[in-house]
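One structure is given here, and the rest of the page talks about it.
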Amino acid sequence: MRLLLVEDEPDLLAGLTRALRKQGYAVDTAADGEEGLYKAGSTDYDAIILDVMLPRLNGWDLLARLRATKATPVLMLTARGGSTDRVRGLDAGADDYLVKPFDPPELFARLRAIIRRSAGRSGTTLDIGDVHIDTVARTVTCAGQRVSLTAYQYVLLEYLALHRGEVVTRAALYEHLGDDTEDTLSNVLDVQVMRLRKKLGQDFIVTRRGEGYCIE
Ligand code: CA
């Protein structure tokens, strides 16, 4: 999953980026509203974390302009607890909001929830044959046995599982699983898919030649 974090406080931006990457997300950042709007418009993010008080363009105006073209899930960060601000954020098209200061685990949980909702799912687990994915604990079992995955293998599996039945192109996987800082080599993806198959069964992920990968 690839996120955009728009936040002008350098410490918070750096700390949250680190914490989110540790959770397995690919994270792009923007330190002002104009840069945020540009990035949000030019990449298909799985979710955007958007501070309200930003230089150049505030979070509300950014959101209003983004909503003219894109439905990317947005979690707003507000320093104010006033209900009029919350109402304004939700009316402007925010999917959820969080009042600063907040605990990172609450941010992670709200983020997972808006991403799930945008994928049309309300449950937190995915079951595909013998394979069970717990998206809260980020654990995977196969026929009841715990499967040990690297962070990248987990996000790759989760992304394919969320799009079960669809062919996911390699380009889409690069866009959603990598970020601006990564220089992803094309064979990394093949190697990771091969390792997932070893752990979950050779037929679990199907290769559609020239198109991409699919969990059927
Ligand atoms: Ca701010």
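Following the order of the structure tokens, first chain is A, next is B, and so on, with residues numbered from 1 inside each chain and ligands from 1 in the order they appear.
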message: Can you pull out every residue with an atom within 10 Å of ligand 1? Use only C-alpha atoms and all ligand atoms and format it as a list of chain:residue names.
response: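 Answer in the requested format: A:Val6, A:Glu7, A:Asp8, A:Glu9, A:Pro10, A:Leu12, A:Leu13, A:Ala31, A:Asp32, A:Gly33, A:Leu50, A:Asp51, A:Val52, A:Met53, A:Leu54, A:Pro55, A:Asn58, A:Gly59, A:Leu77, A:Thr78, A:Ala79.
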Residues within 6 Å of Thr135 (chain A), only C-alpha atoms, excluding chain neighbours under 2 positions, as a list in words: Thr124, Thr125, Ala137 and Arg138 of chain A
- prompt: Could you pull out all residues of chain A with a DSSP call of strand (DSSP E or B) and give them as a VMD selection string?
  reply: chain A and resid 2 to 6 26 to 30 47 to 51 74 to 78 96 to 99 125 to 128 131 to 134 139 to 142 145 to 147 168 to 169 206 to 208 212 to 214
query: With only C-alpha atoms as the basis for distance, which of A:Leu98, A:Leu4, A:Leu111, A:Ala26 is at the shortest distance from Leu173 (chain A)?
result: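 Of all the options, A:Ala26 lies closest to Leu173 (chain A).
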message: For region 188-200 of chain A, find every residue with an atom within 12 Å (counting only C-alpha atoms), except residues of its own chain fewer than 4 positions away, and show them as a VMD selection string.
response: chain A and resid 128 to 133 140 to 158 160 169 to 174 177 to 178 182 to 184 204 to 207 212 to 215
- request: Could you pull out the residues in region 20-148 of chain A that DSSP calls helix (DSSP H, G or I) from the backbone, as a VMD selection string?
  value: chain A and resid 20 to 22 33 to 42 59 to 66 83 to 91 104 to 118
message: Please report the interatomic distance between CA of Val99 (chain A) and CA of Asp85 (chain A) in Å with one decimal.
response: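 If I compute the distance from CA of Val99 (chain A) to CA of Asp85 (chain A), I get 10.3 Å.
For Leu20 (chain A), the list of residues within 10 Å, based on only C-alpha atoms and with local chain neighbours fewer than 2 positions off taken out, reads Leu3, Leu5, Gly15, Leu16, Thr17, Arg18, Lys22, Gln23, Gly24, Tyr25, Ala26, Val27, Pro104, Leu107 and Phe108 of chain A.
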task: Could you check how far CA of Asp11 (chain A) sits from CA of Ile115 (chain A), in Å to one decimal?
output: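 Between these atoms lies a distance of 25.3 Å.
Proximity of A:Pro73, A:Gly201, A:Gly210, A:Pro105 to Gly93 (chain A), computed with only C-alpha atoms, is greatest for A:Pro73.
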task: Tell me which protein, DNA and RNA residues are within 6 Å of Ile49 (chain A), counting only C-alpha atoms, leaving out same-chain ones fewer than 6 positions away, and put them as a list in words.
output: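 Contacts, with the query itself left out: Leu5, Val74, Leu75 and Met76 of chain A.
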Restrict the selected residues to C-alpha atoms and save them as a compact mmCIF listing (two decimals), in the first residue's frame.
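To be explicit, this is the file written out as part32.txt:
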```
# COMPACT_ATOMS: atom_id res chain seq x y z
CA LEU A 5 1.70 12.05 4.00
CA VAL A 74 -8.25 10.81 3.09
CA LEU A 75 -7.53 10.86 6.83
CA MET A 76 -7.28 14.43 8.11
```
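With distances restricted to only C-alpha atoms, A:Gly36 is the closest residue to Leu63 (chain A) from A:Val87, A:Asp44, A:Gly36, A:Tyr159.
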message: One number please: CA of Gln202 (chain A) to CA of His176 (chain A), in Å, one decimal.
response: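 So the two atoms, CA of Gln202 (chain A) and CA of His176 (chain A), lie 23.8 Å apart.
Among the candidate residues A:Asp127, A:Trp60, A:Ala161, A:Thr72, the one lying nearest to Leu90 (chain A) is A:Trp60, with distances computed using only C-alpha atoms.
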